[in-house]
Structures are given as C-alpha cells and as structure tokens.
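Novice: Just passing along the structure, written as structure tokens.
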Amino acid sequence: KFGINKIKVGHAGTLDPLATGLLLVCIGQHTKKISLLQNQPKVYAGEITLGGITPSYDLETPIVKGFETKHINKNKIQSTVKQFIGEINQTPPVFSALKQNGERLYKKARRGEKLKLDSRKVNVMSFEIVNVDMPKITFIIKCGKGTYIRSIAHDFGLALKSGAYLSNLCRTEIGDYSLDNALDINTFEKKLNSLFS
C-alpha cells in the first residue's frame with residue numbers, strides 16, 4: 001500500500017494482556033535504539049486488591065484462594081511499602097513472556113506444567129500509595145528494567161500476611177516518553193493513511 005518493500009519494526013517492552021498504557025514502537029533505523037529504551041525507568045499506575053491470590057498474580061486467571069484482611073489498616077500498608085523500595089529480590093510470575101528452554105513461560109503455565117523460577121534483583125525507585133479503599137489499594141510505582149508489578153502485588157499481599165493480586169495496571173511513562181503525548185493505535189492509523197491519501 002505504501003510502496004515499501006521492507007521495513008524493520010520493533011517495540012521496547014511488552015505489556016501484560018490485561019494492562020494498558022504506553023508502548024514504544026520503533027521503526028527503521030530507530031530499532032537500533034530499542035535496547036537503550038528498554039533500560040529506561042518505567043512508571044506504572046495501578047490497583048492491588050487484597051484478600052485473594054491468582055496463579056497469574058492478576059485477573060488473567062481466577063482467584064484460587066481467599067485470605068483475611070481485617071488485620072490490615074492504612075498504617076500497616078504504608079509501613080509495608082518500604083520493604084519494596086530499592087534493590088529487591090523478585091521471582092517473576094510463571095505467567096510471563098520470559099523464556100525457558102526456548103519457550104515462553106506462559107505457554108508452559110497454561111498447559112499446567114510445574115515451573116520453578118529463580119529470584120532476581122530488580123530496582124524499585126519509588127512506590128507511592130495513592131488511595132486505600134479496602135480491599136483495593138491504588139498506587140504509582142517507578143521501577144527499572146525487568147520489574148514485574150504483578151509480582152510486587154503478590155508479594156505485597158504475603159508481606160501483609162494475606163493475599164493480593166493486581167487488578168488494574170497502566171504504564172504511564174518510559175524514560176522521557178509519556179502516555180500523555182502518545183497516539184492510540186486508531187489515531188496512528190488515520191494519520192498514516194492521511195499521508196498517502
């Protein structure tokens with residue numbers, strides 16, 4: 001349609017199936033910048049729901065166990081946040097795009113395979129609690145490459161001697177790029193078509 005025989009296209013970091021927000025798409029020569037962009041800090045706004053756990057650590061899979069939340073208050077939540085700031089050890093979710101023996105983990109997990117994953121160090125620069133409306137906690141997190149917000153949600157529940165899963169997530173920033181300045185896919189398509197109409 002556009003008279004282009006071949007063009008390179010790549011993105012700088014996946015989003016989970018239920019997540020929304022900023023995705024950087026690189027075209028042509030800019031694909032060489034992908035690794036640089038992937039290393040930039042990211043900012044996420046989201047919601048953690050206390051009182052249950054899911055295998056995927058979000059709502060992609062059903063809640064498999066419920067937990068008590070009566071012992072949790074705002075002060076307990078605020079003090080627990082401190083455990084998740086700085087360089088922390090984190091085990092990725094089994095439902096993830098990471099590869100094991102050349103295959104995506106989520107494919108193995110969906111088949112019901114038992115998976116053992118090693119923890120790894122990730123960097124959480126800030127973790128702000130925006131609102132607490134039990135059992136839901138809204139937050140903003142700024143973090144480095146490789147951080148799974150779903151794992152933070154799951155581990156946060158454990159630290160509160162309860163359970164938790166990620167119930168909403170939006171990536172708002174990657175480095176200097178902001179969702180406020182992004183194009184949704186439909187607007188992008190219209191602009192592209194208008195260039196060649």
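To be explicit about the labels: the chains of the structure tokens are called A, B, and onward in the order shown, and within each one the residues are counted from 1, while ligands get numbers from 1 in the order they are shown.
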Got a sec: who's within 12 Å of segment 25-35 of chain A, counting only C-alpha atoms, leaving out chain neighbours fewer than 4 positions off, as a VMD selection string?

Specialist: chain A and resid 4 6 to 14 39 to 40 145 174 177 182 to 185 188

Novice: Save the residues we just selected, N, CA and C atoms, as a PDB file, in the first residue's frame?

Specialist:
```
ATOM      1  N   ILE A   4       6.526   0.335   0.213  1.00  0.00           N
ATOM      2  CA  ILE A   4       7.713  -0.019   0.995  1.00  0.00           C
ATOM      3  C   ILE A   4       7.916  -1.524   0.908  1.00  0.00           C
ATOM      4  N   LYS A   6      10.425  -3.366   2.435  1.00  0.00           N
ATOM      5  CA  LYS A   6      10.840  -3.964   3.696  1.00  0.00           C
ATOM      6  C   LYS A   6      11.099  -2.867   4.711  1.00  0.00           C
ATOM      7  N   ILE A   7      10.580  -3.056   5.911  1.00  0.00           N
ATOM      8  CA  ILE A   7      10.839  -2.077   6.965  1.00  0.00           C
ATOM      9  C   ILE A   7      10.916  -2.800   8.305  1.00  0.00           C
ATOM     10  N   LYS A   8      11.890  -2.413   9.111  1.00  0.00           N
ATOM     11  CA  LYS A   8      12.032  -3.015  10.435  1.00  0.00           C
ATOM     12  C   LYS A   8      11.090  -2.326  11.412  1.00  0.00           C
ATOM     13  N   VAL A   9      10.423  -3.134  12.245  1.00  0.00           N
ATOM     14  CA  VAL A   9       9.538  -2.611  13.283  1.00  0.00           C
ATOM     15  C   VAL A   9       9.764  -3.430  14.547  1.00  0.00           C
ATOM     16  N   GLY A  10       9.898  -2.763  15.681  1.00  0.00           N
ATOM     17  CA  GLY A  10      10.047  -3.459  16.960  1.00  0.00           C
ATOM     18  C   GLY A  10       9.505  -2.610  18.078  1.00  0.00           C
ATOM     19  N   HIS A  11       9.321  -3.213  19.244  1.00  0.00           N
ATOM     20  CA  HIS A  11       8.813  -2.458  20.398  1.00  0.00           C
ATOM     21  C   HIS A  11       9.779  -2.575  21.568  1.00  0.00           C
ATOM     22  N   ALA A  12       9.675  -1.623  22.480  1.00  0.00           N
ATOM     23  CA  ALA A  12      10.622  -1.544  23.599  1.00  0.00           C
ATOM     24  C   ALA A  12       9.965  -1.973  24.906  1.00  0.00           C
ATOM     25  N   GLY A  13       9.443  -3.212  24.940  1.00  0.00           N
ATOM     26  CA  GLY A  13       8.883  -3.729  26.185  1.00  0.00           C
ATOM     27  C   GLY A  13       7.423  -4.103  26.079  1.00  0.00           C
ATOM     28  N   THR A  14       7.113  -5.355  26.377  1.00  0.00           N
ATOM     29  CA  THR A  14       5.739  -5.834  26.277  1.00  0.00           C
ATOM     30  C   THR A  14       4.867  -5.302  27.411  1.00  0.00           C
ATOM     31  N   ASN A  39      16.024  -0.059  28.750  1.00  0.00           N
ATOM     32  CA  ASN A  39      16.740   0.153  30.004  1.00  0.00           C
ATOM     33  C   ASN A  39      16.287   1.406  30.752  1.00  0.00           C
ATOM     34  N   GLN A  40      15.376   2.176  30.172  1.00  0.00           N
ATOM     35  CA  GLN A  40      14.896   3.392  30.818  1.00  0.00           C
ATOM     36  C   GLN A  40      13.920   3.057  31.956  1.00  0.00           C
ATOM     37  N   LYS A 145      14.247  -1.863  34.649  1.00  0.00           N
ATOM     38  CA  LYS A 145      14.002  -2.950  33.696  1.00  0.00           C
ATOM     39  C   LYS A 145      13.810  -4.286  34.420  1.00  0.00           C
ATOM     40  N   ILE A 174       7.890   5.854  30.065  1.00  0.00           N
ATOM     41  CA  ILE A 174       9.124   5.105  29.818  1.00  0.00           C
ATOM     42  C   ILE A 174      10.197   6.146  29.553  1.00  0.00           C
ATOM     43  N   TYR A 177       9.479   9.504  27.718  1.00  0.00           N
ATOM     44  CA  TYR A 177       8.244   9.351  26.954  1.00  0.00           C
ATOM     45  C   TYR A 177       7.056   9.180  27.896  1.00  0.00           C
ATOM     46  N   ALA A 182       1.264  10.241  23.775  1.00  0.00           N
ATOM     47  CA  ALA A 182       1.209   9.085  22.883  1.00  0.00           C
ATOM     48  C   ALA A 182      -0.023   9.127  21.979  1.00  0.00           C
ATOM     49  N   LEU A 183       0.031   8.353  20.893  1.00  0.00           N
ATOM     50  CA  LEU A 183      -1.108   8.178  19.997  1.00  0.00           C
ATOM     51  C   LEU A 183      -1.729   6.811  20.240  1.00  0.00           C
ATOM     52  N   ASP A 184      -3.056   6.761  20.279  1.00  0.00           N
ATOM     53  CA  ASP A 184      -3.670   5.431  20.304  1.00  0.00           C
ATOM     54  C   ASP A 184      -3.580   4.853  18.893  1.00  0.00           C
ATOM     55  N   ILE A 185      -3.711   3.540  18.778  1.00  0.00           N
ATOM     56  CA  ILE A 185      -3.447   2.853  17.517  1.00  0.00           C
ATOM     57  C   ILE A 185      -4.374   3.328  16.394  1.00  0.00           C
ATOM     58  N   PHE A 188      -3.109   6.687  15.146  1.00  0.00           N
ATOM     59  CA  PHE A 188      -1.886   6.451  14.383  1.00  0.00           C
ATOM     60  C   PHE A 188      -2.219   5.971  12.966  1.00  0.00           C
TER      61      PHE A 188
END
```

Novice: Any idea what's packed within 12 Å of Gly112 of chain A, counting only C-alpha atoms, ignoring anything in its chain fewer than 6 positions away? Could you give it as number ranges by chain?

Specialist: A: 55, 94-95, 105-106

Novice: Just write the chosen residues, N, CA and C atoms, as a PDB file, in the first residue's frame.

Specialist:
```
ATOM      1  N   PRO A  55      -3.064 -17.585  40.127  1.00  0.00           N
ATOM      2  CA  PRO A  55      -1.819 -18.145  39.593  1.00  0.00           C
ATOM      3  C   PRO A  55      -1.012 -17.158  38.747  1.00  0.00           C
ATOM      4  N   VAL A  94       4.943 -17.089  36.816  1.00  0.00           N
ATOM      5  CA  VAL A  94       5.059 -18.170  35.830  1.00  0.00           C
ATOM      6  C   VAL A  94       4.297 -17.814  34.558  1.00  0.00           C
ATOM      7  N   PHE A  95       3.256 -16.995  34.694  1.00  0.00           N
ATOM      8  CA  PHE A  95       2.556 -16.485  33.519  1.00  0.00           C
ATOM      9  C   PHE A  95       3.284 -15.228  33.049  1.00  0.00           C
ATOM     10  N   LEU A 105       7.188 -18.817  29.061  1.00  0.00           N
ATOM     11  CA  LEU A 105       6.711 -19.439  30.294  1.00  0.00           C
ATOM     12  C   LEU A 105       5.190 -19.541  30.346  1.00  0.00           C
ATOM     13  N   TYR A 106       4.492 -18.509  29.838  1.00  0.00           N
ATOM     14  CA  TYR A 106       3.035 -18.538  29.949  1.00  0.00           C
ATOM     15  C   TYR A 106       2.430 -19.717  29.182  1.00  0.00           C
TER      16      TYR A 106
END
```

Novice: Using only C-alpha atoms, what table do you get, as CSV, when you list each residue of segment 23-138 of chain A with an atom no more than 6 Å from segment 149-167 of chain A, its nearest pair of atoms, and their distance in Å rounded to one decimal, rows by chain then rising number?

Specialist:
```
residue,atom,partner,partner_atom,distance
A:Glu47,CA,A:Ser167,CA,5.4
A:Ile48,CA,A:Leu166,CA,4.6
A:Thr49,CA,A:Ala164,CA,5.5
A:Leu50,CA,A:Ala164,CA,4.3
A:Gly51,CA,A:Gly163,CA,5.0
A:Gly52,CA,A:Gly163,CA,4.7
A:Ile53,CA,A:Ala164,CA,5.4
A:Tyr57,CA,A:Tyr165,CA,5.0
A:Asp58,CA,A:Leu166,CA,4.5
A:Phe67,CA,A:Ser162,CA,5.4
```

Novice: To one decimal place in Å, what is the distance between atom CA of Lys142 of chain A and atom CA of Thr61 of chain A?

Specialist: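 Interatomic distance, atom CA of Lys142 of chain A to atom CA of Thr61 of chain A: 25.6 Å.
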
Novice: Of the candidates A:Asp118, A:Gly66, A:Ser178, A:Ile85, which one gets nearest to Gln100 of chain A if we count only C-alpha atoms?

Specialist: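 Using only C-alpha atoms, Gln100 of chain A sits closest to A:Asp118.
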
Novice: Take atom CA of Leu59 of chain A and atom CA of Pro17 of chain A and report the distance between them in Å, one decimal.

Specialist: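 That distance, rounded to one decimal, is 9.9 Å.
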
Novice: List every residue of segment 10-191 of chain A that DSSP, applied to the backbone of this structure, places in strand (DSSP E), and write the result as a PyMOL selection string.

Specialist: chain A and resi 10-11+20-21+25-27+42-50+52-53+65-66+86-90+99-100+103-104+120-133+136-143+164-174+177-178

Novice: Per DSSP on the backbone, what are the helix (DSSP H, G or I) residues of segment 38-178 of chain A, as a ChimeraX atom specification?

Specialist: /A:38,74-84,105-110,149-159

Novice: One decimal, in Å: what's the spacing between atom CA of Ile77 of chain A and atom CA of Leu169 of chain A?

Specialist: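 Atom-to-atom, atom CA of Ile77 of chain A to atom CA of Leu169 of chain A, that is 18.9 Å.
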
Novice: For Pro41 of chain A, which residue among A:Leu22, A:Cys143, A:Met125, A:Ala109 is the nearest when counting only C-alpha atoms?

Specialist: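 Ranking A:Leu22, A:Cys143, A:Met125, A:Ala109 by distance to Pro41 of chain A, first place goes to A:Cys143.
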
Novice: Write out as a list of chain:residue names each polymer residue whose atoms come within 9 Å of Pro92 of chain A, counting only C-alpha atoms; drop sequence neighbours fewer than 6 positions from it.

Specialist: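 Near Pro92 of chain A, the qualifying residues are A:Leu98, A:Leu117, A:Asp118, A:Ser119, A:Arg120, A:Gly146, A:Thr147, A:Tyr148, A:Arg150, A:Ser151.
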
Novice: List the spatial neighbours of Tyr44 of chain A as a PyMOL selection string - criterion: any atom at most 6 Å away, only C-alpha atoms, same-chain residues fewer than 3 positions off excluded.

Specialist: chain A and resi 140-141+170-172

Novice: Using only C-alpha atoms, which residue out of A:Thr69, A:Thr138, A:Gln78, A:Asn131 lies closest to Ala45 of chain A?

Specialist: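 Under the stated criterion, the closest residue is A:Thr138.
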
Novice: Measuring atom to atom with only C-alpha atoms, identify which of A:Val43, A:Ala97, A:Ile72, A:Ile63 is nearest to Val124 of chain A.

Specialist: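 Answer, going by the shortest atom-to-atom distance: A:Val43.
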
Novice: Looking at A:Lys108, A:Lys74, A:Lys190, A:Gly144, which one is nearest to Val130 of chain A, with distances taken over only C-alpha atoms?

Specialist: A:Lys74

Novice: Which is closest to Arg110 of chain A among A:Ser56, A:Asn75, A:Gln83, A:Asn89, if we use only C-alpha atoms?

Specialist: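 Among A:Ser56, A:Asn75, A:Gln83, A:Asn89, it is A:Ser56 that comes nearest to Arg110 of chain A.
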